[in-house]
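Structure file query-v5.cif (mmCIF, C-alpha atoms and all ligand atoms) is printed below.
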```
data_structure
#
loop_
_atom_site.label_atom_id
_atom_site.label_comp_id
_atom_site.auth_asym_id
_atom_site.auth_seq_id
_atom_site.Cartn_x
_atom_site.Cartn_y
_atom_site.Cartn_z
CA MET A 93 -90.76 -15.27 -154.90
CA SER A 94 -88.23 -14.09 -157.45
CA ASP A 95 -88.89 -10.43 -157.98
CA SER A 96 -85.29 -9.24 -158.47
CA THR A 97 -85.72 -6.34 -156.08
CA ALA A 98 -82.58 -6.86 -154.00
CA LYS A 99 -80.99 -3.68 -152.80
CA ILE A 100 -77.40 -3.55 -154.05
CA LEU A 101 -75.06 -2.74 -151.19
CA ASP A 102 -72.60 -0.54 -153.06
CA GLY A 103 -69.30 -0.87 -151.23
CA LYS A 104 -67.44 1.13 -153.83
CA ALA A 105 -69.61 4.23 -153.35
CA LEU A 106 -69.77 3.85 -149.58
CA SER A 107 -66.00 3.46 -149.32
CA LYS A 108 -65.48 6.61 -151.39
CA HIS A 109 -67.79 8.47 -149.03
CA LEU A 110 -66.03 7.14 -145.92
CA ILE A 111 -62.56 7.90 -147.28
CA GLY A 112 -63.78 11.43 -148.10
CA GLU A 113 -64.91 11.81 -144.49
CA LEU A 114 -61.49 10.74 -143.24
CA LYS A 115 -59.84 13.75 -144.90
CA GLU A 116 -61.00 16.16 -142.18
CA ARG A 117 -59.68 13.95 -139.42
CA VAL A 118 -56.38 13.61 -141.28
CA LEU A 119 -56.13 17.41 -141.55
CA ALA A 120 -56.74 17.80 -137.83
CA CYS A 121 -53.85 15.39 -137.20
CA VAL A 122 -51.60 17.26 -139.63
CA GLU A 123 -52.37 20.53 -137.83
CA ARG A 124 -51.00 18.94 -134.66
CA GLY A 125 -47.87 17.97 -136.58
CA VAL A 126 -48.86 14.31 -137.04
CA THR A 127 -49.26 12.96 -140.59
CA PRO A 128 -51.02 9.59 -140.34
CA CYS A 129 -48.75 6.99 -141.89
CA LEU A 130 -49.31 3.36 -142.83
CA ALA A 131 -46.33 1.04 -143.31
CA VAL A 132 -47.04 -1.86 -145.67
CA VAL A 133 -44.79 -4.89 -145.54
CA LEU A 134 -44.96 -7.09 -148.62
CA VAL A 135 -42.87 -10.26 -148.69
CA GLY A 136 -42.56 -12.10 -151.99
CA GLU A 137 -44.03 -11.65 -155.43
CA ASP A 138 -47.68 -12.71 -155.13
CA PRO A 139 -49.33 -10.78 -158.00
CA ALA A 140 -52.73 -10.43 -156.25
CA SER A 141 -50.99 -8.99 -153.19
CA LYS A 142 -49.14 -6.46 -155.33
CA VAL A 143 -52.39 -5.27 -156.92
CA TYR A 144 -54.03 -4.98 -153.53
CA VAL A 145 -51.11 -3.08 -151.98
CA ARG A 146 -51.06 -0.61 -154.87
CA SER A 147 -54.77 0.02 -154.50
CA LYS A 148 -54.41 0.65 -150.74
CA GLU A 149 -51.61 3.14 -151.34
CA ARG A 150 -53.63 5.02 -153.95
CA LYS A 151 -56.65 5.32 -151.65
CA ALA A 152 -54.44 6.34 -148.72
CA ALA A 153 -53.00 9.16 -150.80
CA LYS A 154 -56.55 10.35 -151.57
CA ALA A 155 -57.24 10.73 -147.86
CA GLY A 156 -53.88 12.46 -147.20
CA ILE A 157 -52.47 9.42 -145.43
CA ALA A 158 -48.77 8.72 -146.02
CA THR A 159 -47.57 5.21 -146.83
CA LYS A 160 -44.22 3.55 -146.43
CA ASP A 161 -43.47 0.53 -148.54
CA HIS A 162 -41.29 -2.38 -147.45
CA ARG A 163 -40.83 -4.97 -150.16
CA MET A 164 -38.81 -8.01 -149.28
CA SER A 165 -37.83 -11.07 -151.29
CA ALA A 166 -39.70 -14.35 -150.92
CA ASP A 167 -36.69 -16.01 -149.26
CA THR A 168 -36.62 -13.50 -146.38
CA SER A 169 -36.20 -15.24 -143.01
CA THR A 170 -38.60 -14.87 -140.11
CA GLU A 171 -35.77 -13.22 -138.14
CA THR A 172 -35.14 -10.58 -140.82
CA LEU A 173 -38.85 -9.81 -141.04
CA LEU A 174 -39.06 -9.53 -137.25
CA GLY A 175 -36.19 -7.02 -137.44
CA VAL A 176 -38.11 -4.85 -139.91
CA ILE A 177 -41.19 -4.98 -137.71
CA ALA A 178 -39.14 -3.96 -134.67
CA GLU A 179 -37.91 -0.92 -136.62
CA LEU A 180 -41.43 0.06 -137.65
CA ASN A 181 -42.68 -0.43 -134.08
CA ALA A 182 -39.97 1.98 -132.88
CA ASP A 183 -40.53 4.57 -135.62
CA PRO A 184 -42.70 7.41 -134.25
CA ALA A 185 -43.60 8.51 -137.80
CA VAL A 186 -45.39 5.18 -138.41
CA HIS A 187 -48.90 4.80 -136.95
CA GLY A 188 -50.13 1.65 -138.64
CA ILE A 189 -48.32 -1.52 -139.75
CA LEU A 190 -49.82 -3.97 -142.22
CA VAL A 191 -48.06 -7.23 -143.03
CA GLN A 192 -49.64 -8.43 -146.25
CA LEU A 193 -50.91 -12.01 -146.06
CA PRO A 194 -50.34 -14.71 -147.08
CA LEU A 195 -46.66 -14.75 -146.15
CA PRO A 196 -44.40 -17.08 -148.15
CA GLU A 197 -44.09 -20.61 -146.85
CA GLY A 198 -41.39 -21.03 -144.23
CA ILE A 199 -42.16 -17.75 -142.45
CA ASP A 200 -43.72 -18.13 -139.01
CA GLU A 201 -46.89 -16.08 -139.55
CA GLN A 202 -48.09 -16.29 -135.93
CA ARG A 203 -44.78 -14.99 -134.59
CA VAL A 204 -44.75 -12.16 -137.12
CA LEU A 205 -48.30 -11.02 -136.39
CA ALA A 206 -47.68 -11.16 -132.65
CA ALA A 207 -44.56 -8.98 -133.07
CA VAL A 208 -46.50 -5.98 -134.40
CA ASP A 209 -47.04 -3.33 -131.72
CA PRO A 210 -50.74 -3.83 -130.81
CA ALA A 211 -51.16 -0.03 -130.85
CA LYS A 212 -50.09 -0.04 -134.54
CA ASP A 213 -51.94 -3.22 -135.51
CA VAL A 214 -54.42 -1.65 -137.93
CA ASP A 215 -55.31 -5.09 -139.34
CA GLY A 216 -56.49 -6.25 -135.92
CA PHE A 217 -54.60 -9.56 -136.23
CA HIS A 218 -52.49 -9.29 -133.04
CA PRO A 219 -53.59 -11.71 -130.27
CA ASP A 220 -54.26 -8.74 -127.91
CA ASN A 221 -56.63 -7.14 -130.40
CA LEU A 222 -58.36 -10.44 -131.21
CA GLY A 223 -58.72 -11.02 -127.44
CA LEU A 224 -60.17 -7.56 -126.85
CA LEU A 225 -62.71 -8.25 -129.60
CA MET A 226 -63.73 -11.49 -127.85
CA LEU A 227 -64.11 -9.56 -124.60
CA GLY A 228 -66.44 -7.07 -126.27
CA ARG A 229 -63.91 -4.24 -125.75
CA PRO A 230 -62.53 -3.96 -129.28
CA ARG A 231 -59.52 -1.76 -130.06
CA PHE A 232 -58.53 -2.49 -133.67
CA VAL A 233 -61.09 -4.69 -135.42
CA ALA A 234 -60.06 -6.56 -138.57
CA CYS A 235 -60.95 -4.49 -141.63
CA THR A 236 -62.94 -7.00 -143.70
CA PRO A 237 -65.27 -7.95 -140.81
CA GLN A 238 -65.79 -4.25 -140.06
CA GLY A 239 -66.58 -3.65 -143.73
CA CYS A 240 -69.13 -6.50 -143.68
CA MET A 241 -70.91 -4.99 -140.66
CA ARG A 242 -70.97 -1.55 -142.25
CA LEU A 243 -72.54 -2.98 -145.43
CA LEU A 244 -75.02 -4.96 -143.35
CA ALA A 245 -76.02 -1.72 -141.61
CA GLU A 246 -76.54 -0.22 -145.06
CA SER A 247 -79.15 -2.92 -145.80
CA GLY A 248 -81.38 -1.44 -143.11
CA VAL A 249 -81.87 -4.92 -141.62
CA SER A 250 -80.99 -5.07 -137.93
CA PRO A 251 -79.04 -8.23 -136.96
CA GLU A 252 -80.77 -8.33 -133.57
CA GLY A 253 -82.55 -11.65 -133.09
CA LYS A 254 -81.80 -12.77 -136.64
CA ARG A 255 -80.23 -16.03 -137.74
CA ALA A 256 -76.82 -15.22 -139.20
CA LEU A 257 -74.71 -17.79 -141.02
CA VAL A 258 -71.00 -17.19 -141.52
CA ILE A 259 -69.45 -19.57 -144.06
CA GLY A 260 -65.72 -19.81 -143.31
CA ARG A 261 -63.79 -19.69 -140.02
CA SER A 262 -60.50 -17.96 -140.83
CA THR A 263 -58.89 -15.68 -138.27
CA ILE A 264 -58.96 -12.75 -140.67
CA VAL A 265 -62.62 -12.96 -141.77
CA GLY A 266 -64.89 -15.76 -140.54
CA LYS A 267 -64.13 -15.80 -136.81
CA PRO A 268 -64.07 -12.04 -136.21
CA VAL A 269 -67.19 -11.36 -138.31
CA ALA A 270 -69.02 -14.10 -136.38
CA GLN A 271 -67.99 -12.39 -133.14
CA LEU A 272 -69.20 -8.99 -134.36
CA LEU A 273 -72.55 -10.57 -135.30
CA VAL A 274 -72.83 -12.14 -131.83
CA GLN A 275 -72.20 -8.73 -130.31
CA ALA A 276 -74.89 -7.28 -132.58
CA ASN A 277 -77.32 -9.79 -131.00
CA ALA A 278 -77.68 -12.11 -133.98
CA THR A 279 -77.95 -15.87 -133.44
CA VAL A 280 -74.82 -17.01 -135.21
CA THR A 281 -73.85 -20.26 -136.93
CA VAL A 282 -70.35 -20.75 -138.35
CA ALA A 283 -70.05 -23.22 -141.24
CA HIS A 284 -66.79 -24.61 -142.66
CA SER A 285 -65.42 -27.44 -144.77
CA ARG A 286 -66.67 -30.11 -142.32
CA THR A 287 -70.22 -28.76 -142.18
CA ARG A 288 -72.53 -31.64 -143.06
CA ASP A 289 -75.42 -29.88 -144.79
CA LEU A 290 -74.49 -26.37 -145.89
CA GLU A 291 -77.62 -25.99 -147.99
CA ALA A 292 -79.86 -26.56 -144.94
CA GLU A 293 -77.87 -23.97 -142.99
CA VAL A 294 -78.08 -21.38 -145.76
CA ARG A 295 -81.81 -21.95 -146.24
CA GLN A 296 -82.48 -20.94 -142.62
CA ALA A 297 -80.30 -17.87 -142.54
CA ASP A 298 -81.62 -14.31 -142.45
CA ILE A 299 -78.07 -13.04 -142.94
CA VAL A 300 -75.41 -14.91 -144.93
CA VAL A 301 -71.75 -13.89 -144.83
CA ALA A 302 -69.78 -16.01 -147.30
CA ALA A 303 -65.99 -16.08 -146.82
CA VAL A 304 -64.74 -19.28 -148.39
CA GLY A 305 -62.85 -18.57 -151.61
CA ARG A 306 -64.85 -20.90 -153.90
CA PRO A 307 -66.35 -19.25 -156.95
CA GLU A 308 -70.17 -19.06 -156.81
CA MET A 309 -70.42 -22.04 -154.44
CA VAL A 310 -73.70 -20.81 -152.93
CA PRO A 311 -76.52 -20.99 -155.49
CA GLY A 312 -79.22 -18.35 -155.29
CA ALA A 313 -81.87 -21.05 -154.81
CA TRP A 314 -80.48 -21.70 -151.29
CA ILE A 315 -80.98 -18.08 -150.19
CA LYS A 316 -84.02 -17.50 -147.98
CA PRO A 317 -86.33 -14.92 -149.56
CA GLY A 318 -85.65 -11.55 -147.93
CA ALA A 319 -82.22 -12.50 -146.55
CA VAL A 320 -79.21 -10.18 -146.61
CA VAL A 321 -76.16 -11.56 -148.46
CA ILE A 322 -72.64 -10.28 -147.72
CA ASP A 323 -70.25 -11.90 -150.17
CA VAL A 324 -66.61 -11.63 -149.07
CA GLY A 325 -65.22 -14.05 -151.65
CA ILE A 326 -62.85 -12.69 -154.29
CA ASN A 327 -62.32 -15.34 -156.97
CA ARG A 328 -60.79 -14.75 -160.35
CA LEU A 329 -62.19 -17.11 -162.99
CA GLU A 330 -59.99 -18.46 -165.75
CA PRO A 331 -60.11 -16.03 -168.67
CA GLU A 332 -62.11 -17.19 -171.66
CA GLN A 333 -59.41 -15.91 -174.00
CA PRO A 334 -55.77 -16.67 -173.24
CA GLY A 335 -54.02 -13.51 -172.07
CA ALA A 336 -57.29 -11.86 -170.96
CA LYS A 337 -57.82 -10.95 -167.31
CA GLY A 338 -60.63 -13.24 -166.15
CA ARG A 339 -63.81 -12.20 -164.38
CA LEU A 340 -64.00 -11.65 -160.60
CA VAL A 341 -66.82 -13.45 -158.82
CA GLY A 342 -67.81 -13.97 -155.20
CA ASP A 343 -68.62 -17.13 -153.25
CA VAL A 344 -72.32 -16.59 -154.00
CA HIS A 345 -73.96 -16.86 -157.42
CA TYR A 346 -74.86 -13.20 -157.64
CA ALA A 347 -77.60 -13.07 -160.30
CA SER A 348 -79.72 -15.87 -158.82
CA ALA A 349 -79.12 -14.75 -155.22
CA ALA A 350 -80.20 -11.21 -156.10
CA GLU A 351 -83.60 -12.66 -157.03
CA GLN A 352 -84.10 -14.00 -153.49
CA ALA A 353 -82.25 -11.55 -151.27
CA ALA A 354 -83.52 -8.29 -149.79
CA ALA A 355 -80.01 -6.91 -150.15
CA ILE A 356 -76.73 -8.19 -151.56
CA THR A 357 -73.13 -7.06 -152.02
CA PRO A 358 -71.69 -7.29 -155.55
CA VAL A 359 -68.23 -8.65 -156.41
CA PRO A 360 -66.31 -6.57 -157.30
CA GLY A 361 -67.51 -3.38 -155.67
CA GLY A 362 -68.82 -4.78 -152.37
CA VAL A 363 -66.75 -5.87 -149.39
CA GLY A 364 -63.34 -5.35 -151.06
CA PRO A 365 -63.39 -1.54 -151.23
CA MET A 366 -64.89 -1.40 -147.72
CA THR A 367 -61.92 -3.36 -146.38
CA ILE A 368 -59.63 -0.61 -147.61
CA ALA A 369 -61.81 2.18 -146.20
CA CYS A 370 -61.86 0.48 -142.79
CA LEU A 371 -58.08 -0.02 -142.90
CA LEU A 372 -57.53 3.69 -143.54
CA ALA A 373 -59.98 4.58 -140.75
CA ASN A 374 -57.92 2.40 -138.38
CA VAL A 375 -54.73 4.22 -139.44
CA VAL A 376 -56.32 7.60 -138.69
CA GLU A 377 -57.55 6.30 -135.35
CA ALA A 378 -54.03 5.11 -134.49
CA ALA A 379 -52.63 8.54 -135.39
CA GLU A 380 -55.31 10.32 -133.36
CA ARG A 381 -54.28 8.35 -130.26
CA VAL A 382 -50.70 9.68 -130.46
N1 LIG A 401 -63.11 -8.67 -149.80
C1 LIG A 401 -62.08 -8.66 -148.99
O1 LIG A 401 -61.70 -7.63 -148.50
C2 LIG A 401 -61.41 -9.92 -148.63
C3 LIG A 401 -61.73 -11.04 -149.34
N2 LIG A 401 -61.18 -12.23 -149.00
C4 LIG A 401 -61.64 -13.40 -149.78
O2 LIG A 401 -62.54 -14.13 -148.95
C5 LIG A 401 -62.40 -15.52 -149.19
C6 LIG A 401 -62.06 -16.21 -147.88
O3 LIG A 401 -60.83 -15.73 -147.41
P1 LIG A 401 -60.12 -16.32 -146.08
O4 LIG A 401 -61.05 -16.27 -144.94
O5 LIG A 401 -58.80 -15.67 -145.99
O6 LIG A 401 -59.94 -17.85 -146.58
P2 LIG A 401 -59.36 -19.14 -145.87
O7 LIG A 401 -58.92 -20.01 -146.97
O8 LIG A 401 -58.44 -18.78 -144.78
O9 LIG A 401 -60.67 -19.78 -145.19
C7 LIG A 401 -61.67 -20.36 -145.96
C8 LIG A 401 -62.72 -20.98 -145.05
O10 LIG A 401 -63.72 -21.58 -145.88
C9 LIG A 401 -64.00 -22.89 -145.39
N3 LIG A 401 -64.40 -23.77 -146.48
C10 LIG A 401 -63.64 -24.32 -147.46
N4 LIG A 401 -64.37 -25.10 -148.26
C11 LIG A 401 -65.63 -25.04 -147.79
C12 LIG A 401 -66.84 -25.65 -148.17
N5 LIG A 401 -66.91 -26.47 -149.22
N6 LIG A 401 -67.94 -25.38 -147.46
C13 LIG A 401 -67.91 -24.57 -146.39
N7 LIG A 401 -66.78 -23.95 -145.98
C14 LIG A 401 -65.66 -24.21 -146.66
C15 LIG A 401 -62.71 -23.36 -144.76
O11 LIG A 401 -63.03 -24.37 -143.83
P3 LIG A 401 -61.90 -25.09 -142.89
O12 LIG A 401 -61.64 -24.11 -141.79
O13 LIG A 401 -62.58 -26.32 -142.42
O14 LIG A 401 -60.72 -25.33 -143.77
C16 LIG A 401 -62.19 -22.08 -144.13
O15 LIG A 401 -62.70 -21.89 -142.83
C17 LIG A 401 -61.34 -15.62 -150.29
O16 LIG A 401 -62.00 -15.64 -151.54
C18 LIG A 401 -60.55 -14.35 -150.15
O17 LIG A 401 -59.95 -13.95 -151.36
C19 LIG A 401 -60.35 -12.36 -147.94
C20 LIG A 401 -59.99 -11.26 -147.21
C21 LIG A 401 -60.47 -9.95 -147.52
N1 LIG A 402 -52.66 -8.12 -143.86
C1 LIG A 402 -53.65 -8.26 -144.73
N2 LIG A 402 -54.77 -7.53 -144.58
C2 LIG A 402 -55.80 -7.66 -145.46
O1 LIG A 402 -56.85 -7.00 -145.30
C3 LIG A 402 -55.67 -8.57 -146.57
C4 LIG A 402 -54.47 -9.29 -146.68
N3 LIG A 402 -53.48 -9.12 -145.74
N4 LIG A 402 -54.28 -10.15 -147.70
C5 LIG A 402 -55.26 -10.31 -148.75
C6 LIG A 402 -56.67 -10.01 -148.28
C7 LIG A 402 -57.58 -9.67 -149.45
N5 LIG A 402 -57.99 -8.31 -149.24
C8 LIG A 402 -58.69 -7.54 -150.18
C9 LIG A 402 -58.95 -6.20 -149.99
C10 LIG A 402 -59.56 -5.43 -150.96
C11 LIG A 402 -59.97 -5.99 -152.14
C12 LIG A 402 -60.62 -5.13 -153.18
O2 LIG A 402 -60.62 -3.93 -153.11
N6 LIG A 402 -61.23 -5.75 -154.22
C13 LIG A 402 -61.89 -5.06 -155.32
C14 LIG A 402 -61.47 -5.64 -156.67
C15 LIG A 402 -59.99 -5.65 -156.87
C16 LIG A 402 -59.60 -6.36 -158.17
O3 LIG A 402 -60.09 -5.95 -159.25
O4 LIG A 402 -58.81 -7.30 -158.11
C17 LIG A 402 -63.39 -5.25 -155.21
O5 LIG A 402 -63.80 -6.23 -154.56
O6 LIG A 402 -64.12 -4.44 -155.76
C18 LIG A 402 -59.77 -7.33 -152.33
C19 LIG A 402 -59.15 -8.10 -151.36
C20 LIG A 402 -57.42 -7.85 -148.10
N7 LIG A 402 -56.66 -8.75 -147.51
MG MG A 403 -72.35 -11.36 -154.72
#
```
Could you take the file, read its structure, and then write that structure out as structure tokens?
Amino acid sequence: MSDSTAKILDGKALSKHLIGELKERVLACVERGVTPCLAVVLVGEDPASKVYVRSKERKAAKAGIATKDHRMSADTSTETLLGVIAELNADPAVHGILVQLPLPEGIDEQRVLAAVDPAKDVDGFHPDNLGLLMLGRPRFVACTPQGCMRLLAESGVSPEGKRALVIGRSTIVGKPVAQLLVQANATVTVAHSRTRDLEAEVRQADIVVAAVGRPEMVPGAWIKPGAVVIDVGINRLEPEQPGAKGRLVGDVHYASAAEQAAAITPVPGGVGPMTIACLLANVVEAAERV
């Protein structure tokens, strides 16, 4: 039963490869006089958001994609933010707009996301793009769900006919990844905080996508032997020494799950880097449509 032979789905390596492949498409755009450009809007001082934004900008530069930074103070009003988005919508040099979430309390997130030009909505959070995904005619698909599907493909296990369990139902991860799995012909269950018996659900699943935000909440013993585990969770544990950085773990207990699973994503180095690769691919796609 526990033979520790899980294939490690290496999102870091795959994302490097995919970003490398984007370079050619970027060059083709540049030759037409269009440099793909991502505008990042960061409101407030959330340290995790800052780290993430920096990492996106570094990877964008590697692919030849330009970035435009808009940092705004935490007390920015919804109206002011809507004004910035209107400017970016109107700017022909900007192809993709990303509004870093979460937004500070008091800002109307739904209104802000709906204000982004759907043709520049590289996060896939605009109602039009979410609707098109539901209709099976996706335009921009949210980056983390896309990354999950790409890593699942890497496992070599086809979702068709399989039981897939998505743990979490957020608009940015759980719901869209469940929809992508439905479209890939899996039989999909979505679990959440009101699910009565999560263990029983996990034990049946051939594919588990965990997107909760609770460190190592799924023990390896629950994982069906031979299942594929896609761990979206990014949780920083309290550092053992004060002042140290603290270890990153997923929502799944990696070491014990790796003993059951056929394939598993590590944290870090799994879904996270793939999210960035998919974001940059969406920016290039937006620029190609110009
Ligand atoms: N790797 C990447 O690129 C990304 C990683 N993340 C990470 O993924 C995780 C999830 O993010 P996100 O979707 O934004 O989180 P949210 O907080 O928006 O959603 C969490 C979901 O988990 C559910 N949940 C909470 N507790 C339980 C429980 N005990 N059992 C079952 N389900 C539960 C919630 O249920 P309910 O709806 O009932 O409240 C909710 O649907 C986080 O760790 C985040 O950091 C997020 C985005 C990208
Ligand atoms: N508009 C918007 N779009 C997003 O896509 C979005 C967002 N807001 N807000 C926050 C979440 C979170 N998210 C991550 C992406 C990459 C890593 C990532 O690359 N993680 C590295 C580790 C990074 C580290 O060391 O902290 C890894 O998993 O290997 C993590 C988290 C995107 N999100
Ligand atoms: Mg893991």
Checklist entry - Can you list, as a ChimeraX atom specification, every protein, DNA or RNA residue that comes within 6 Å of range 280-288 of chain A when you count all atoms listed in the file, leaving out same-chain residues fewer than 3 positions away? => result /A:256-260
Next on the checklist: If we count all atoms listed in the file and set the cut-off at 10 Å, which residues sit around Arg231 in chain A, ignoring sequence neighbours fewer than 3 positions away in its own chain? Please answer as an MDAnalysis selection string.
Outcome noted: chainID A and resid 210:211 213:214 216 220:225 228 234 374 377:378
Please return, as a PDB file with C-alpha atoms, in the coordinates of the input, all polymer residues that have at least one atom within 9 Å of the point (-65.4, -5.5, -148.3); use all atoms listed in the file and the file's own coordinate frame.
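Generated output (selection09.pdb):
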```
ATOM      1  CA  GLY A 103     -69.300  -0.870-151.230  1.00  0.00           C
ATOM      2  CA  LYS A 104     -67.440   1.130-153.830  1.00  0.00           C
ATOM      3  CA  CYS A 235     -60.950  -4.490-141.630  1.00  0.00           C
ATOM      4  CA  THR A 236     -62.940  -7.000-143.700  1.00  0.00           C
ATOM      5  CA  PRO A 237     -65.270  -7.950-140.810  1.00  0.00           C
ATOM      6  CA  GLN A 238     -65.790  -4.250-140.060  1.00  0.00           C
ATOM      7  CA  GLY A 239     -66.580  -3.650-143.730  1.00  0.00           C
ATOM      8  CA  CYS A 240     -69.130  -6.500-143.680  1.00  0.00           C
ATOM      9  CA  LEU A 243     -72.540  -2.980-145.430  1.00  0.00           C
ATOM     10  CA  ILE A 322     -72.640 -10.280-147.720  1.00  0.00           C
ATOM     11  CA  ASP A 323     -70.250 -11.900-150.170  1.00  0.00           C
ATOM     12  CA  VAL A 324     -66.610 -11.630-149.070  1.00  0.00           C
ATOM     13  CA  THR A 357     -73.130  -7.060-152.020  1.00  0.00           C
ATOM     14  CA  GLY A 361     -67.510  -3.380-155.670  1.00  0.00           C
ATOM     15  CA  GLY A 362     -68.820  -4.780-152.370  1.00  0.00           C
ATOM     16  CA  VAL A 363     -66.750  -5.870-149.390  1.00  0.00           C
ATOM     17  CA  GLY A 364     -63.340  -5.350-151.060  1.00  0.00           C
ATOM     18  CA  PRO A 365     -63.390  -1.540-151.230  1.00  0.00           C
ATOM     19  CA  MET A 366     -64.890  -1.400-147.720  1.00  0.00           C
ATOM     20  CA  THR A 367     -61.920  -3.360-146.380  1.00  0.00           C
ATOM     21  CA  ILE A 368     -59.630  -0.610-147.610  1.00  0.00           C
ATOM     22  CA  ALA A 369     -61.810   2.180-146.200  1.00  0.00           C
ATOM     23  CA  CYS A 370     -61.860   0.480-142.790  1.00  0.00           C
TER      24      CYS A 370
END
```
Next on the checklist: Please find the residues contacting ligand MG 403 (chain A) at a distance of at most 8 Å between atoms, with all atoms listed in the file counted, and report them as a ChimeraX atom specification.
Outcome noted: /A:321-323,341-347,349-350,356-359,362
How big is the axis-aligned box, and where does its centre sit, when it encloses all atoms of ligand LIG 402 (chain A) listed in the file and has 5 Å added on every side, reported in Å to one decimal as AutoDock Vina command-line options?
```
--center_x -58.4 --center_y -7.1 --center_z -151.6 --size_x 21.5 --size_y 16.4 --size_z 25.4
```
Using all atoms listed in the file, determine which residues lie at most 7 Å from range 179-193 of chain A, disregarding the query and same-chain residues fewer than 5 positions distant; provide the list as a compact mmCIF listing (two decimals) with C-alpha atoms, in the coordinates of the input.
```
# COMPACT_ATOMS: atom_id res chain seq x y z
CA PRO A 128 -51.02 9.59 -140.34
CA CYS A 129 -48.75 6.99 -141.89
CA LEU A 130 -49.31 3.36 -142.83
CA ALA A 131 -46.33 1.04 -143.31
CA VAL A 132 -47.04 -1.86 -145.67
CA VAL A 133 -44.79 -4.89 -145.54
CA LEU A 134 -44.96 -7.09 -148.62
CA VAL A 208 -46.50 -5.98 -134.40
CA ASP A 209 -47.04 -3.33 -131.72
CA LYS A 212 -50.09 -0.04 -134.54
CA ASP A 213 -51.94 -3.22 -135.51
CA VAL A 214 -54.42 -1.65 -137.93
CA ASP A 215 -55.31 -5.09 -139.34
CA VAL A 375 -54.73 4.22 -139.44
CA ALA A 378 -54.03 5.11 -134.49
CA ALA A 379 -52.63 8.54 -135.39
```
Checklist outcome for this item: Across A:Lys316, A:Lys148, A:Lys115, A:Arg203, the smallest distance to ligand LIG 401 (chain A), with all atoms listed in the file counted, is shown by A:Lys148
Checklist entry - Counting all atoms listed in the file, which residues come within 10 Å of (-75.8, -23.8, -147.5), with the point read in the file's coordinates, and could you list them as a ChimeraX atom specification? => result /A:257,259,283,287-297,300,302,309-311,313-315
Checklist entry - So how far away is atom C14 of ligand LIG 402 (chain A) from CA of Pro360 in chain A, in Å? => result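 A separation of 5.0 Å between them.
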Item to check | Gap from CA of Leu173 in chain A to atom N1 of ligand LIG 402 (chain A) - Å, one decimal | outcome: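 Rounded to one decimal, the two atoms are 14.2 Å apart.
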Next on the checklist: What does the structure give for the distance between atom N6 of ligand LIG 402 (chain A) and CA of Val143 in chain A, in Å to one decimal?
Outcome noted: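 We find that atom N6 of ligand LIG 402 (chain A) and CA of Val143 in chain A lie 9.3 Å from each other.
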Next on the checklist: With distances taken over all atoms listed in the file, which residue among A:Leu372, A:Ala270, A:Val265, A:Val382 lies nearest ligand LIG 401 (chain A)?
Outcome noted: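 The closest residue to ligand LIG 401 (chain A) is A:Val265.
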Checklist entry - With all atoms listed in the file as the basis for distance, which of A:Ala355, A:Val320, A:Leu110, A:Val304 is at the shortest distance from ligand LIG 401 (chain A)? => result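 When distances to ligand LIG 401 (chain A) are compared using all atoms listed in the file, the smallest one comes from A:Val304.
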Item to check | Nearby residues (only C-alpha atoms) at most 7 Å from Gly253 in chain A, same-chain spacing under 3 positions excluded, as number ranges by chain | outcome: A: 277-279
